[in-house]
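Below is protein-v2.cif, holding mmCIF, C-alpha atoms and all ligand atoms.
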data_work
loop_
_atom_site.group_PDB
_atom_site.id
_atom_site.type_symbol
_atom_site.label_atom_id
_atom_site.label_comp_id
_atom_site.auth_asym_id
_atom_site.auth_seq_id
_atom_site.Cartn_x
_atom_site.Cartn_y
_atom_site.Cartn_z
ATOM 1 C CA MET F 26 33.079 40.872 -6.452
ATOM 2 C CA ALA F 27 33.504 37.195 -5.728
ATOM 3 C CA ARG F 28 30.382 35.422 -4.633
ATOM 4 C CA PRO F 29 30.674 34.216 -1.075
ATOM 5 C CA ALA F 30 30.693 30.461 -0.550
ATOM 6 C CA PRO F 31 27.193 29.132 0.114
ATOM 7 C CA TYR F 32 26.151 28.852 3.732
ATOM 8 C CA PHE F 33 24.426 25.511 3.376
ATOM 9 C CA ALA F 34 23.663 22.541 1.165
ATOM 10 C CA VAL F 35 20.423 20.616 0.837
ATOM 11 C CA ARG F 36 20.454 16.901 1.533
ATOM 12 C CA ARG F 37 18.312 14.249 3.161
ATOM 13 C CA SER F 38 17.419 14.967 6.740
ATOM 14 C CA ARG F 39 16.569 12.650 9.601
ATOM 15 C CA VAL F 40 14.105 15.257 10.801
ATOM 16 C CA HIS F 41 11.906 15.576 7.733
ATOM 17 C CA GLY F 42 12.411 15.011 4.010
ATOM 18 C CA ARG F 43 15.319 17.094 2.889
ATOM 19 C CA GLY F 44 17.033 19.641 5.076
ATOM 20 C CA ALA F 45 19.573 22.455 4.899
ATOM 21 C CA PHE F 46 22.987 21.744 6.428
ATOM 22 C CA ALA F 47 25.621 24.341 7.222
ATOM 23 C CA LEU F 48 28.715 24.092 5.038
ATOM 24 C CA ARG F 49 30.692 26.430 7.242
ATOM 25 C CA ARG F 50 30.471 28.241 10.515
ATOM 26 C CA ILE F 51 27.624 30.749 10.443
ATOM 27 C CA ARG F 52 27.845 33.508 13.000
ATOM 28 C CA LYS F 53 24.893 34.512 15.132
ATOM 29 C CA GLY F 54 22.907 37.246 13.413
ATOM 30 C CA THR F 55 23.931 36.259 9.896
ATOM 31 C CA ARG F 56 21.246 36.726 7.293
ATOM 32 C CA ILE F 57 21.466 33.337 5.609
ATOM 33 C CA ILE F 58 18.919 33.433 2.833
ATOM 34 C CA GLU F 59 15.720 35.102 1.737
ATOM 35 C CA TYR F 60 12.588 32.960 1.654
ATOM 36 C CA LEU F 61 11.543 33.222 -1.976
ATOM 37 C CA GLY F 62 8.537 32.076 -3.931
ATOM 38 C CA GLU F 63 5.528 33.426 -5.669
ATOM 39 C CA ARG F 64 3.695 36.066 -3.659
ATOM 40 C CA VAL F 65 -0.008 35.379 -3.622
ATOM 41 C CA SER F 66 -3.071 36.368 -1.633
ATOM 42 C CA HIS F 67 -4.377 34.167 1.166
ATOM 43 C CA GLN F 68 -7.375 33.481 -1.044
ATOM 44 C CA GLU F 69 -5.154 32.268 -3.868
ATOM 45 C CA ALA F 70 -3.122 30.102 -1.473
ATOM 46 C CA ASP F 71 -6.391 28.574 -0.254
ATOM 47 C CA ARG F 72 -7.457 27.919 -3.813
ATOM 48 C CA ARG F 73 -4.157 26.292 -4.745
ATOM 49 C CA TYR F 74 -4.041 23.869 -1.887
ATOM 50 C CA GLU F 75 -7.674 23.151 -1.083
ATOM 51 C CA ASP F 76 -7.352 19.661 -2.589
ATOM 52 C CA ARG F 77 -4.100 18.858 -0.876
ATOM 53 C CA ASP F 78 -3.916 15.537 0.904
ATOM 54 C CA PRO F 79 -4.564 16.401 4.574
ATOM 55 C CA ARG F 80 -2.009 13.758 5.544
ATOM 56 C CA ASP F 81 0.754 15.460 3.612
ATOM 57 C CA SER F 82 2.802 17.422 6.105
ATOM 58 C CA HIS F 83 5.015 19.216 3.590
ATOM 59 C CA THR F 84 4.317 22.895 3.476
ATOM 60 C CA PHE F 85 5.917 25.669 1.488
ATOM 61 C CA LEU F 86 3.620 28.552 2.373
ATOM 62 C CA PHE F 87 4.895 31.422 4.460
ATOM 63 C CA ILE F 88 2.594 34.119 5.818
ATOM 64 C CA VAL F 89 4.036 37.575 5.243
ATOM 65 C CA ASP F 90 1.064 39.529 6.532
ATOM 66 C CA ALA F 91 -2.713 39.647 6.301
ATOM 67 C CA ARG F 92 -2.498 40.199 2.555
ATOM 68 C CA THR F 93 0.336 38.092 1.327
ATOM 69 C CA VAL F 94 1.549 34.513 1.423
ATOM 70 C CA ILE F 95 4.779 33.338 -0.182
ATOM 71 C CA ASP F 96 4.295 30.062 -2.036
ATOM 72 C CA ALA F 97 7.753 28.531 -2.254
ATOM 73 C CA GLY F 98 6.244 25.697 -4.257
ATOM 74 C CA VAL F 99 6.411 28.131 -7.185
ATOM 75 C CA HIS F 100 9.764 29.767 -7.955
ATOM 76 C CA GLY F 101 10.941 28.956 -4.453
ATOM 77 C CA ASN F 102 14.593 28.744 -3.491
ATOM 78 C CA ALA F 103 16.499 26.484 -1.134
ATOM 79 C CA ALA F 104 15.063 28.289 1.899
ATOM 80 C CA ARG F 105 12.025 26.043 1.569
ATOM 81 C CA PHE F 106 14.113 23.051 2.650
ATOM 82 C CA ILE F 107 14.894 24.486 6.065
ATOM 83 C CA ASN F 108 13.065 22.266 8.530
ATOM 84 C CA HIS F 109 11.141 23.012 11.670
ATOM 85 C CA SER F 110 12.735 22.585 15.087
ATOM 86 C CA CYS F 111 11.355 23.249 18.559
ATOM 87 C CA ASN F 112 14.791 24.561 19.527
ATOM 88 C CA PRO F 113 15.848 26.254 16.307
ATOM 89 C CA ASN F 114 19.148 27.830 15.380
ATOM 90 C CA CYS F 115 17.486 30.302 13.014
ATOM 91 C CA GLU F 116 14.543 32.656 13.019
ATOM 92 C CA THR F 117 12.536 34.392 10.349
ATOM 93 C CA VAL F 118 12.690 38.153 10.027
ATOM 94 C CA ILE F 119 10.255 40.164 7.937
ATOM 95 C CA GLU F 120 11.488 43.451 6.555
ATOM 96 C CA ALA F 121 9.614 45.497 3.993
ATOM 97 C CA LYS F 122 7.370 42.486 3.356
ATOM 98 C CA ARG F 123 10.332 40.267 2.542
ATOM 99 C CA VAL F 124 11.206 37.243 4.635
ATOM 100 C CA TYR F 125 14.743 36.353 5.666
ATOM 101 C CA ILE F 126 16.206 33.466 7.601
ATOM 102 C CA GLU F 127 18.780 34.575 10.163
ATOM 103 C CA ALA F 128 20.966 32.672 12.603
ATOM 104 C CA VAL F 129 19.943 33.154 16.246
ATOM 105 C CA ARG F 130 23.133 31.542 17.435
ATOM 106 C CA THR F 131 26.429 30.566 15.909
ATOM 107 C CA ILE F 132 25.978 27.437 13.815
ATOM 108 C CA GLN F 133 28.747 24.907 13.264
ATOM 109 C CA PRO F 134 29.509 23.186 9.946
ATOM 110 C CA GLY F 135 27.277 20.157 9.433
ATOM 111 C CA GLU F 136 24.487 21.379 11.710
ATOM 112 C CA GLU F 137 21.023 21.325 10.242
ATOM 113 C CA LEU F 138 19.421 24.762 9.944
ATOM 114 C CA SER F 139 15.958 25.158 11.425
ATOM 115 C CA TYR F 140 13.368 27.604 12.605
ATOM 116 C CA ASP F 141 10.092 27.198 14.470
ATOM 117 C CA TYR F 142 7.266 26.909 11.942
ATOM 118 C CA GLN F 143 4.564 27.517 14.543
ATOM 119 C CA LEU F 144 1.957 26.128 12.202
ATOM 120 C CA GLY F 145 -1.478 27.311 13.195
ATOM 121 C CA ARG F 146 -4.248 24.956 14.128
ATOM 122 C CA ALA F 147 -7.495 24.825 12.198
ATOM 123 C CA PRO F 148 -10.950 24.024 13.589
ATOM 124 C CA ASP F 149 -11.324 21.179 11.084
ATOM 125 C CA ASP F 150 -7.976 19.559 11.890
ATOM 126 C CA PRO F 151 -8.243 15.777 12.105
ATOM 127 C CA PRO F 152 -7.839 14.409 15.644
ATOM 128 C CA ASP F 153 -4.417 13.069 14.712
ATOM 129 C CA ALA F 154 -3.150 16.393 13.350
ATOM 130 C CA ASP F 155 -0.284 16.360 15.830
ATOM 131 C CA GLU F 156 0.826 12.972 14.504
ATOM 132 C CA ILE F 157 0.616 14.133 10.900
ATOM 133 C CA TYR F 158 2.670 17.199 11.822
ATOM 134 C CA ALA F 159 4.840 15.326 14.271
ATOM 135 C CA CYS F 160 8.180 16.919 15.046
ATOM 136 C CA ARG F 161 11.237 14.735 15.184
ATOM 137 C CA CYS F 162 13.744 17.465 15.914
ATOM 138 C CA GLY F 163 15.089 15.351 18.765
ATOM 139 C CA HIS F 164 15.582 18.220 21.167
ATOM 140 C CA PRO F 165 14.881 17.479 24.852
ATOM 141 C CA GLU F 166 12.271 20.254 24.821
ATOM 142 C CA CYS F 167 10.652 18.988 21.627
ATOM 143 C CA ARG F 168 6.917 19.584 21.878
ATOM 144 C CA GLY F 169 6.333 16.666 19.515
ATOM 145 C CA SER F 170 4.443 18.723 16.960
ATOM 146 C CA MET F 171 5.040 21.472 14.442
ATOM 147 C CA LEU F 172 1.638 22.874 15.353
ATOM 148 C CA TRP F 173 1.119 25.811 17.653
ATOM 149 C CA PRO F 174 -0.195 26.270 20.261
ATOM 150 C CA PRO F 175 0.627 22.840 21.654
ATOM 151 C CA ARG F 176 -2.155 20.589 22.823
ATOM 152 C CA LYS F 177 -2.517 20.608 26.580
ATOM 153 C CA SER F 178 -2.323 16.851 26.635
ATOM 154 C CA ALA F 179 1.061 16.841 24.964
ATOM 155 C CA ARG F 180 3.583 14.865 26.931
ATOM 156 C CA ASN F 181 6.244 17.528 26.694
ATOM 157 C CA VAL F 182 4.620 20.639 28.035
ATOM 158 C CA PRO F 183 6.625 23.443 26.498
ATOM 159 C CA GLN F 184 7.341 26.920 27.669
ATOM 160 C CA PRO F 185 5.552 29.717 25.824
ATOM 161 C CA ALA F 186 7.232 30.549 22.532
ATOM 162 C CA LYS F 187 9.983 33.018 23.105
ATOM 163 C CA PRO F 188 11.897 34.610 20.311
ATOM 164 C CA ALA F 189 15.548 33.721 20.674
ATOM 165 C CA VAL F 190 16.644 37.232 19.826
ATOM 166 C CA LYS F 191 14.796 40.440 20.433
ATOM 167 C CA THR F 192 15.820 43.628 18.756
ATOM 168 C CA LYS F 193 13.700 46.659 18.111
ATOM 169 C CA ARG F 194 14.264 46.581 14.401
ATOM 170 C CA ARG F 195 12.715 43.171 14.059
ATOM 171 C CA ALA F 196 9.002 42.949 13.777
ATOM 172 C CA PRO F 197 7.565 39.699 15.054
ATOM 173 C CA PRO F 198 7.535 37.563 11.952
ATOM 174 C CA ARG F 199 4.208 35.968 12.540
ATOM 175 C CA GLY F 200 0.707 37.191 12.085
ATOM 176 C CA ARG F 201 -1.457 35.579 14.724
ATOM 177 C CA GLY F 202 1.530 33.722 16.077
ATOM 178 C CA GLN F 203 2.466 31.727 13.023
ATOM 179 C CA SER F 204 4.762 31.929 10.072
ATOM 180 C CA MET F 205 4.334 28.866 7.973
ATOM 181 C CA THR F 206 0.829 27.863 7.066
ATOM 182 C CA ARG F 207 -0.973 24.799 5.834
ATOM 183 C CA ARG F 208 -3.871 24.912 3.423
HETATM 184 ZN ZN ZN W 1 10.540 19.213 17.986
#
Can you dump the structure from the file as C-alpha cells?
Amino acid sequence: MARPAPYFAVRRSRVHGRGAFALRRIRKGTRIIEYLGERVSHQEADRRYEDRDPRDSHTFLFIVDARTVIDAGVHGNAARFINHSCNPNCETVIEAKRVYIEAVRTIQPGEELSYDYQLGRAPDDPPDADEIYACRCGHPECRGSMLWPPRKSARNVPQPAKPAVKTKRRAPPRGRGQSMTRR
C-alpha cells in the first residue's frame, strides 16, 4: 500500500518556536498523528526535568494518566511540534493509553495545527508564570497564557474550557484538567 502524503510539515512558527503546518486539507475528525515519546512515570519525569530552567517554556511532556507521562524529548515524533492555541483546530484523544492528535474542524492547507495544552499551575510558580507561558496564538479569545485555569486578573476573561467535539467514545484527555505538563 502506498503511504499517504504527510498531513503536515514542521517549520518556524510565529506562535512559538517551530510549529506544524497543514500540507493539505485535513477533514474534521481525522486522526493526524500519534503523540510519541518515551513512556515514563510521573516520578521519572520529575527527576528528568527538576533542573530545567523555570523560564524555559518549551515542554514535551504529555500526561496519559496518573501513572504515565510521555516524554517526547526522548524518541518523540513530529507531534511534539504542534503548538498550543486557545482556539485550537485539533484535540488530543487518549485511547488504550495512547495519545492521538485529531482535527476538531476541517483544516486548510497552510494552517498551523494546534491544541489547547491546558498546562497546570503549580503552587511554586513564579509570579510571572503567565508571561513565561504567554500565548501568542492571536485569536480574539486568546487568554494570553498556556496555563490553566486562567488567572482571574487576566485581561481576556475566557469561557470555561469546552471540548470542541464530544463523543462517547472519547475519554477526556486530561487528568485533572490538563494534558501537557511542565516539570
Ligand atoms: Zn492564545
The PyMOL selection byres (((not hetatm)) within 10 of (chain W and resi 1)) - which residues does that actually catch in the file I just gave you? List them as a ChimeraX atom specification. /F:40,109-113,141,159-172,181
Counting only C-alpha atoms, figure out which residue out of F:Arg130, F:Arg80, F:Arg37, F:Arg176 gets nearest to Gly145 in chain F. F:Arg176
Selection in question (the file shown): the PyMOL selection byres (((chain F and resi 93-98) around 8) and not hetatm). Which residues does it include, as a ChimeraX atom specification? /F:60-67,70,85-92,99-102,105
With C-alpha atoms kept, could you save the residues just selected as a short mmCIF file (atom, residue, chain, number, x, y, z; two decimals), in the coordinates of the input?
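Heads up, here's the output in again20.cif:
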data_model
loop_
_atom_site.label_atom_id
_atom_site.label_comp_id
_atom_site.auth_asym_id
_atom_site.auth_seq_id
_atom_site.Cartn_x
_atom_site.Cartn_y
_atom_site.Cartn_z
CA TYR F 60 12.59 32.96 1.65
CA LEU F 61 11.54 33.22 -1.98
CA GLY F 62 8.54 32.08 -3.93
CA GLU F 63 5.53 33.43 -5.67
CA ARG F 64 3.70 36.07 -3.66
CA VAL F 65 -0.01 35.38 -3.62
CA SER F 66 -3.07 36.37 -1.63
CA HIS F 67 -4.38 34.17 1.17
CA ALA F 70 -3.12 30.10 -1.47
CA PHE F 85 5.92 25.67 1.49
CA LEU F 86 3.62 28.55 2.37
CA PHE F 87 4.89 31.42 4.46
CA ILE F 88 2.59 34.12 5.82
CA VAL F 89 4.04 37.58 5.24
CA ASP F 90 1.06 39.53 6.53
CA ALA F 91 -2.71 39.65 6.30
CA ARG F 92 -2.50 40.20 2.56
CA VAL F 99 6.41 28.13 -7.18
CA HIS F 100 9.76 29.77 -7.96
CA GLY F 101 10.94 28.96 -4.45
CA ASN F 102 14.59 28.74 -3.49
CA ARG F 105 12.02 26.04 1.57
#
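Residue selection for this entry, given the PyMOL selection byres (((chain F and resi 56) around 10) and not hetatm), comprises Tyr32, Ile51, Arg52, Lys53, Gly54, Thr55, Ile57, Ile58, Glu59, Cys115, Glu116, Thr117, Val118, Tyr125, Ile126, Glu127, Ala128 and Val129 of chain F.
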Please, what is the axis-aligned box for every listed atom of range 124-128 of chain F with 6 Å on each side, as centre and edge lengths in Å to one decimal, as AutoDock Vina command-line options?
--center_x 16.1 --center_y 35.0 --center_z 8.6 --size_x 21.8 --size_y 16.6 --size_z 20.0
Selection: 12 Å around Pro79 in chain F, only C-alpha atoms, excl. self and same-chain fewer than 6 positions, as a list in words: Ala147, Asp149, Asp150, Pro151, Pro152, Asp153, Ala154, Glu156, Ile157, Tyr158, Arg207 and Arg208 of chain F
Selected residues written out with C-alpha atoms, as a compact mmCIF listing (two decimals), in the coordinates of the input:
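Below is the file part.txt, written as the result:
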# COMPACT_ATOMS: atom_id res chain seq x y z
CA ALA F 147 -7.50 24.82 12.20
CA ASP F 149 -11.32 21.18 11.08
CA ASP F 150 -7.98 19.56 11.89
CA PRO F 151 -8.24 15.78 12.10
CA PRO F 152 -7.84 14.41 15.64
CA ASP F 153 -4.42 13.07 14.71
CA ALA F 154 -3.15 16.39 13.35
CA GLU F 156 0.83 12.97 14.50
CA ILE F 157 0.62 14.13 10.90
CA TYR F 158 2.67 17.20 11.82
CA ARG F 207 -0.97 24.80 5.83
CA ARG F 208 -3.87 24.91 3.42
